[in-house]
Amino acid sequence: MSGQSSDTSSKEDFKPIYKYRIFLKDKLGCGFTVDHPEEFLSKKSIERRRRQHLSIDESDLPVSKKYLKDIRKTGVQIVHTSKWNNTVLVQTTDTTQIDKVNALSFVMSTRKVATYQVPRNAGNKSRSSLIDSTYTASVTPEARTWGEGWSQIHLFNGDFLHENGFRGEGITIGIIDGGFLNTDMIPMLSNVTILGTKDFATENGDVYAYDRHGTMVLSCIASNHPQIFVGTAPEASFYLLRSEDGDSEQLVEEDNWCAAIEYADSVGVDIVNSSLGYTLFDNPADNVSYREQDGHTHLNSRSASMASSKGMIVCNSAGNSGNNQWKRIGVPADADHILAVGALTSSGKNTNFSSVGNSADGRVKPDICAMGEHCTVISSNGRLTYANGTSFASPILCGMVACYWQAHREMSAEDVLKAIRALGDRHDFPDNVYGHGIPDFRKSLPQ
């Protein structure tokens with residue numbers, strides 16, 4: 001999922017970079033208290049908690065300022081932190097500095113999470129010219145409003161919510177992905193409300209310079225062109241967050257993901273869509289095992305499981321391993337208190353590639369399903385195209401969850417999660433292929 005590198009340094013001149021995850025014992029000296037959350041959370045984030053009667057606890061406190069200062073003195077560079085997990089991500093070219101880190105009294109342990117032997121990818125900076133295509137309006141009566149988005153919305157009667165005025169207005173969605181190539185240049189996405197962007201995979205990176213995957217994911221929710229292509233929550237607002245490094249598959253992407261979702265929390269995001277999942281890594285010793293899929297062993301699964309206690313909903317793709325020997329969901333799809341989304345055909349049958357559950361501790365996975373085959377998306381060249389994957393089932397469902405929550409703002413995140421599962425056509429007999437099935441949003445409003 002990489003773009004064109006603009007880094008001109010040679011491999012011979014490049015010193016390997018190592019990244020380590022540091023686990024801290026406590027938060028002494030963090031410099032903040034739960035009595036004054038306005039010092040480290042946005043007004044919207046605080047209001048989201050208050051509306052749902054959720055307390056602000058020690059996990060919300062930033063990592064200790066004092067500890068960060070002492071870690072810097074060892075010579076390592078701090079990349080970012082996770083306050084929910086009380087961890088610090090650092091990088092160094094000198095591994096002896098990690099010995100100094102391990103000697104610090106407040107450090108519980110360290111773990112190497114990435115090794116980069118060549119210069120990092122700088123993204124696709126060429127940004128080739130886009131074709132501003134003219135699209136033909138759909139002539140079918142059913143698609144009079146939604147155009148090419150009709151099938152993926154109508155499968156769970158999402159058009160019913162749209163027709164009743166619930167199209168995501170007032171809901172903020174954070175999308176964690178590998179990049180949003182050319183999103184800022186695509187005419188079909190020019191009317192999307194983007195509140196901010198941030199790159200957690202590359203220092204000072206431009207999320208619009210990497211990978212078309214996030215561009216297509218965003219379009220499933222945000223496209224708003226009647227008779228051409230309307231997404232599932234065209235009136236929502238968005239933060240675009242990059243955590244995935246397309247050049248490699250290393251544990252550090254879990255740390256990036258955690259930093260991204262905590263940022264989403266801090267700025268007041270309501271729902272997070274993550275069309276990412278991990279099972280195999282470049283270092284086979286890091287590969288996910290079935291026994292680890294308990295929603296808490298892997299760092300990003302732990303953070304995803306915590307999100308609802310902060311008042312957020314996470315929708316995560318189940319994975320595309322159904323045809324592989326592994327077959328199973330990835331992480332963080334194994335997380336508790338989220339919606340792991342499987343993929344269906346337009347007729348409601350499961351696709352062969354959609355990953356299956358259950359979690360290692362026996363919870364139903366996937367949680368719910370949406371259309372994930374022949375999905376309409378907008379690619380980085382600005383054109384409508386079609387794509388397969390739970391990567392698209394998840395945002396399609398995510399947008400409808402936003403519309404549902406707009407209609408039921410009195411509900412907590414946990415209440416919405418339970419309600420979406422209860423709308424599923426297999427809710428009374430969930431399984432490890434369909435989960436709770438296809439939610440029927442026609443049942444989500446009084447008739």
# chains A, B, ... in the order shown; residues from 1 in each chain; ligands from 1
$ select_by_dssp --residues "range 203-372 of chain A" --states "alpha helix (DSSP H)" --output "JSON, numbers by chain"
{"A": [213, 214, 215, 216, 217, 218, 219, 220, 221, 222, 252, 253, 254, 255, 256, 257, 258, 259, 260, 261, 262, 263, 264, 265, 266, 299, 300, 301, 302, 303, 304, 305, 306]}
$ write_last_selection --atoms "C-alpha atoms" --output "PDB file, in the first residue's frame"
ATOM      1  CA  HIS A 213      -7.443   2.759   0.589  1.00  0.00           C
ATOM      2  CA  GLY A 214      -8.626   5.419   3.017  1.00  0.00           C
ATOM      3  CA  THR A 215      -9.962   7.519   0.154  1.00  0.00           C
ATOM      4  CA  MET A 216     -12.238   4.684  -0.898  1.00  0.00           C
ATOM      5  CA  VAL A 217     -13.253   3.976   2.699  1.00  0.00           C
ATOM      6  CA  LEU A 218     -14.195   7.621   3.284  1.00  0.00           C
ATOM      7  CA  SER A 219     -16.279   7.736   0.117  1.00  0.00           C
ATOM      8  CA  CYS A 220     -18.508   4.857   1.297  1.00  0.00           C
ATOM      9  CA  ILE A 221     -19.707   7.094   4.116  1.00  0.00           C
ATOM     10  CA  ALA A 222     -19.238  10.668   2.960  1.00  0.00           C
ATOM     11  CA  VAL A 252       4.434  -0.546  15.746  1.00  0.00           C
ATOM     12  CA  GLU A 253       1.219  -0.126  13.769  1.00  0.00           C
ATOM     13  CA  GLU A 254      -0.677  -1.173  16.891  1.00  0.00           C
ATOM     14  CA  ASP A 255       0.987   1.722  18.747  1.00  0.00           C
ATOM     15  CA  ASN A 256       0.126   4.089  15.891  1.00  0.00           C
ATOM     16  CA  TRP A 257      -3.478   2.901  15.964  1.00  0.00           C
ATOM     17  CA  CYS A 258      -3.735   3.496  19.710  1.00  0.00           C
ATOM     18  CA  ALA A 259      -2.340   7.003  19.388  1.00  0.00           C
ATOM     19  CA  ALA A 260      -4.836   7.701  16.609  1.00  0.00           C
ATOM     20  CA  ILE A 261      -7.913   6.571  18.530  1.00  0.00           C
ATOM     21  CA  GLU A 262      -6.835   8.517  21.605  1.00  0.00           C
ATOM     22  CA  TYR A 263      -6.454  11.604  19.446  1.00  0.00           C
ATOM     23  CA  ALA A 264      -9.929  10.939  18.065  1.00  0.00           C
ATOM     24  CA  ASP A 265     -11.235  10.792  21.622  1.00  0.00           C
ATOM     25  CA  SER A 266      -9.465  13.998  22.629  1.00  0.00           C
ATOM     26  CA  LEU A 299      -2.473  -3.236  22.364  1.00  0.00           C
ATOM     27  CA  ASN A 300      -4.887  -1.948  19.728  1.00  0.00           C
ATOM     28  CA  SER A 301      -7.556  -4.474  20.752  1.00  0.00           C
ATOM     29  CA  ARG A 302      -7.241  -3.243  24.325  1.00  0.00           C
ATOM     30  CA  SER A 303      -7.743   0.355  23.226  1.00  0.00           C
ATOM     31  CA  ALA A 304     -10.668  -0.537  20.983  1.00  0.00           C
ATOM     32  CA  SER A 305     -12.287  -2.377  23.887  1.00  0.00           C
ATOM     33  CA  MET A 306     -11.922   0.758  26.040  1.00  0.00           C
TER      34      MET A 306
END
$ residues_around --residues "Thr297 in chain A" --least-positions-apart "4" --cutoff "10 Å" --atoms "only C-alpha atoms" --output "ChimeraX atom specification"
/A:288,291-293,301-302,331-332,334-335
$ select_by_dssp --residues "range 96-221 of chain A" --states "strand (DSSP E)" --output "PyMOL selection string"
chain A and resi 107-116+172-177+193-199
$ closest_atom_pairs --of "range 178-295 of chain A" --to "range 148-157 of chain A" --cutoff "8 Å" --atoms "only C-alpha atoms" --output "CSV"
residue,atom,partner,partner_atom,distance
A:Cys220,CA,A:Gly149,CA,8.0
A:Gln227,CA,A:Glu148,CA,7.5
A:Ile228,CA,A:Glu148,CA,5.9
A:Phe229,CA,A:Glu148,CA,4.9
A:Val230,CA,A:Gly149,CA,5.4
A:Gly231,CA,A:Gly149,CA,6.1
A:Thr232,CA,A:Ile153,CA,6.4
$ closest_residue --among "A:Glu414, A:Val377, A:Leu397, A:Ile171" --to "Gly311 in chain A" --atoms "only C-alpha atoms"
A:Glu414
$ residues_around --residues "Ala387 in chain A" --least-positions-apart "5" --cutoff "8 Å" --atoms "only C-alpha atoms" --output "PyMOL selection string"
chain A and resi 372-377+392
$ closest_residue --among "A:Asp415, A:Asp247, A:Asp206, A:Glu58" --to "Asp282 in chain A" --atoms "only C-alpha atoms"
A:Asp247
$ residues_around --residues "Pro37 in chain A" --least-positions-apart "2" --cutoff "10 Å" --atoms "only C-alpha atoms" --output "list in words"
Phe32, Thr33, Val34, Asp35, Glu39, Phe40, Leu41, Ser42, Lys43, Ser45, Ile46, Ile56, Asp57, Asp60 and Leu61 of chain A
$ residues_around --residues "Met411 in chain A" --least-positions-apart "3" --cutoff "12 Å" --atoms "only C-alpha atoms" --output "list in words"
Arg48, Arg49, Arg51, Gln52, His53, Gly311, Met312, Ile313, Tyr404, Trp405, Gln406, Ala407, His408, Glu414, Asp415, Val416, Leu417, Lys418, Ala419 and Ile420 of chain A
$ residues_around --residues "Tyr434 in chain A" --least-positions-apart "2" --cutoff "8 Å" --atoms "only C-alpha atoms" --output "ChimeraX atom specification"
/A:342,350,365-369,426,430-432,436-438
$ closest_residue --among "A:Arg328, A:Val79, A:Ser321, A:Cys30" --to "Asn204 in chain A" --atoms "only C-alpha atoms"
A:Val79
$ closest_residue --among "A:Val118, A:Leu241, A:Ala370, A:Val76" --to "Ile173 in chain A" --atoms "only C-alpha atoms"
A:Leu241
$ atom_distance --atom1 "CA of Glu410 in chain A" --atom2 "CA of Leu445 in chain A"
13.8 Å
$ closest_residue --among "A:Phe441, A:Tyr20, A:Asp13, A:Asn273" --to "Glu163 in chain A" --atoms "only C-alpha atoms"
A:Phe441
$ atom_distance --atom1 "CA of Ser59 in chain A" --atom2 "CA of Lys198 in chain A"
22.3 Å
$ residues_around --residues "Asp70 in chain A" --least-positions-apart "5" --cutoff "12 Å" --atoms "only C-alpha atoms" --output "PyMOL selection string"
chain A and resi 29+64-65+75-78+100-107
$ write_last_selection --atoms "all heavy atoms" --output "mmCIF file, in the first residue's frame"
data_model
loop_
_atom_site.group_PDB
_atom_site.id
_atom_site.type_symbol
_atom_site.label_atom_id
_atom_site.label_comp_id
_atom_site.auth_asym_id
_atom_site.auth_seq_id
_atom_site.Cartn_x
_atom_site.Cartn_y
_atom_site.Cartn_z
ATOM 1 N N GLY A 29 3.454 12.170 38.441
ATOM 2 C CA GLY A 29 4.103 13.302 37.797
ATOM 3 C C GLY A 29 3.557 13.643 36.435
ATOM 4 O O GLY A 29 4.227 14.297 35.635
ATOM 5 N N SER A 64 2.991 10.452 32.202
ATOM 6 C CA SER A 64 3.755 11.326 33.095
ATOM 7 C C SER A 64 4.767 12.201 32.362
ATOM 8 O O SER A 64 5.641 11.700 31.637
ATOM 9 C CB SER A 64 4.495 10.482 34.133
ATOM 10 O OG SER A 64 5.403 11.257 34.874
ATOM 11 N N LYS A 65 4.664 13.506 32.575
ATOM 12 C CA LYS A 65 5.628 14.444 31.993
ATOM 13 C C LYS A 65 7.033 14.177 32.540
ATOM 14 O O LYS A 65 8.024 14.263 31.807
ATOM 15 C CB LYS A 65 5.223 15.880 32.322
ATOM 16 C CG LYS A 65 3.987 16.395 31.619
ATOM 17 C CD LYS A 65 3.730 17.840 32.033
ATOM 18 C CE LYS A 65 2.513 18.430 31.340
ATOM 19 N NZ LYS A 65 2.266 19.834 31.762
ATOM 20 N N GLY A 75 18.560 9.448 25.473
ATOM 21 C CA GLY A 75 18.978 9.662 24.091
ATOM 22 C C GLY A 75 17.989 9.196 23.044
ATOM 23 O O GLY A 75 18.162 9.486 21.863
ATOM 24 N N VAL A 76 16.953 8.467 23.467
ATOM 25 C CA VAL A 76 15.961 8.006 22.489
ATOM 26 C C VAL A 76 15.035 9.149 22.118
ATOM 27 O O VAL A 76 14.914 10.147 22.844
ATOM 28 C CB VAL A 76 15.124 6.826 23.048
ATOM 29 C CG1 VAL A 76 16.010 5.648 23.376
ATOM 30 C CG2 VAL A 76 14.309 7.263 24.271
ATOM 31 N N GLN A 77 14.384 9.009 20.982
ATOM 32 C CA GLN A 77 13.410 10.006 20.526
ATOM 33 C C GLN A 77 12.008 9.493 20.796
ATOM 34 O O GLN A 77 11.669 8.374 20.396
ATOM 35 C CB GLN A 77 13.579 10.279 19.033
ATOM 36 C CG GLN A 77 12.549 11.259 18.471
ATOM 37 C CD GLN A 77 12.658 11.407 16.960
ATOM 38 O OE1 GLN A 77 13.669 11.022 16.364
ATOM 39 N NE2 GLN A 77 11.616 11.947 16.330
ATOM 40 N N ILE A 78 11.188 10.285 21.458
ATOM 41 C CA ILE A 78 9.804 9.895 21.708
ATOM 42 C C ILE A 78 8.969 10.169 20.456
ATOM 43 O O ILE A 78 8.984 11.275 19.907
ATOM 44 C CB ILE A 78 9.237 10.651 22.922
ATOM 45 C CG1 ILE A 78 9.961 10.185 24.194
ATOM 46 C CG2 ILE A 78 7.728 10.416 23.058
ATOM 47 C CD1 ILE A 78 9.560 10.935 25.445
ATOM 48 N N LYS A 100 19.467 1.679 28.944
ATOM 49 C CA LYS A 100 19.317 2.784 29.891
ATOM 50 C C LYS A 100 17.837 2.999 30.234
ATOM 51 O O LYS A 100 17.495 3.294 31.382
ATOM 52 C CB LYS A 100 19.905 4.062 29.310
ATOM 53 C CG LYS A 100 21.397 3.995 29.028
ATOM 54 C CD LYS A 100 21.887 5.290 28.388
ATOM 55 C CE LYS A 100 23.374 5.212 28.055
ATOM 56 N NZ LYS A 100 23.863 6.458 27.390
ATOM 57 N N VAL A 101 16.966 2.850 29.217
ATOM 58 C CA VAL A 101 15.526 2.986 29.449
ATOM 59 C C VAL A 101 15.058 1.909 30.425
ATOM 60 O O VAL A 101 14.316 2.178 31.377
ATOM 61 C CB VAL A 101 14.749 2.906 28.125
ATOM 62 C CG1 VAL A 101 13.244 2.817 28.385
ATOM 63 C CG2 VAL A 101 15.058 4.104 27.253
ATOM 64 N N ASN A 102 15.489 0.678 30.200
ATOM 65 C CA ASN A 102 15.069 -0.436 31.066
ATOM 66 C C ASN A 102 15.547 -0.269 32.504
ATOM 67 O O ASN A 102 14.946 -0.825 33.431
ATOM 68 C CB ASN A 102 15.592 -1.761 30.502
ATOM 69 C CG ASN A 102 14.690 -2.319 29.415
ATOM 70 O OD1 ASN A 102 13.482 -2.387 29.587
ATOM 71 N ND2 ASN A 102 15.284 -2.718 28.298
ATOM 72 N N ALA A 103 16.605 0.505 32.692
ATOM 73 C CA ALA A 103 17.145 0.708 34.039
ATOM 74 C C ALA A 103 16.353 1.743 34.831
ATOM 75 O O ALA A 103 16.544 1.862 36.050
ATOM 76 C CB ALA A 103 18.607 1.133 33.947
ATOM 77 N N LEU A 104 15.473 2.483 34.175
ATOM 78 C CA LEU A 104 14.681 3.500 34.867
ATOM 79 C C LEU A 104 13.674 2.830 35.791
ATOM 80 O O LEU A 104 12.999 1.860 35.408
ATOM 81 C CB LEU A 104 13.969 4.390 33.851
ATOM 82 C CG LEU A 104 14.884 5.226 32.939
ATOM 83 C CD1 LEU A 104 14.069 5.892 31.832
ATOM 84 C CD2 LEU A 104 15.639 6.274 33.748
ATOM 85 N N SER A 105 13.524 3.350 36.988
ATOM 86 C CA SER A 105 12.721 2.690 38.024
ATOM 87 C C SER A 105 11.240 2.606 37.682
ATOM 88 O O SER A 105 10.540 1.708 38.160
ATOM 89 C CB SER A 105 12.896 3.424 39.358
ATOM 90 O OG SER A 105 12.444 4.768 39.255
ATOM 91 N N PHE A 106 10.752 3.513 36.862
ATOM 92 C CA PHE A 106 9.329 3.553 36.540
ATOM 93 C C PHE A 106 8.973 2.746 35.295
ATOM 94 O O PHE A 106 7.814 2.690 34.886
ATOM 95 C CB PHE A 106 8.860 5.001 36.356
ATOM 96 C CG PHE A 106 9.699 5.794 35.378
ATOM 97 C CD1 PHE A 106 9.470 5.695 34.005
ATOM 98 C CD2 PHE A 106 10.704 6.632 35.829
ATOM 99 C CE1 PHE A 106 10.235 6.424 33.102
ATOM 100 C CE2 PHE A 106 11.478 7.364 34.928
ATOM 101 C CZ PHE A 106 11.242 7.259 33.566
ATOM 102 N N VAL A 107 9.960 2.133 34.669
ATOM 103 C CA VAL A 107 9.732 1.334 33.453
ATOM 104 C C VAL A 107 9.454 -0.108 33.843
ATOM 105 O O VAL A 107 10.249 -0.750 34.547
ATOM 106 C CB VAL A 107 10.932 1.412 32.501
ATOM 107 C CG1 VAL A 107 10.792 0.403 31.358
ATOM 108 C CG2 VAL A 107 11.062 2.817 31.936
#
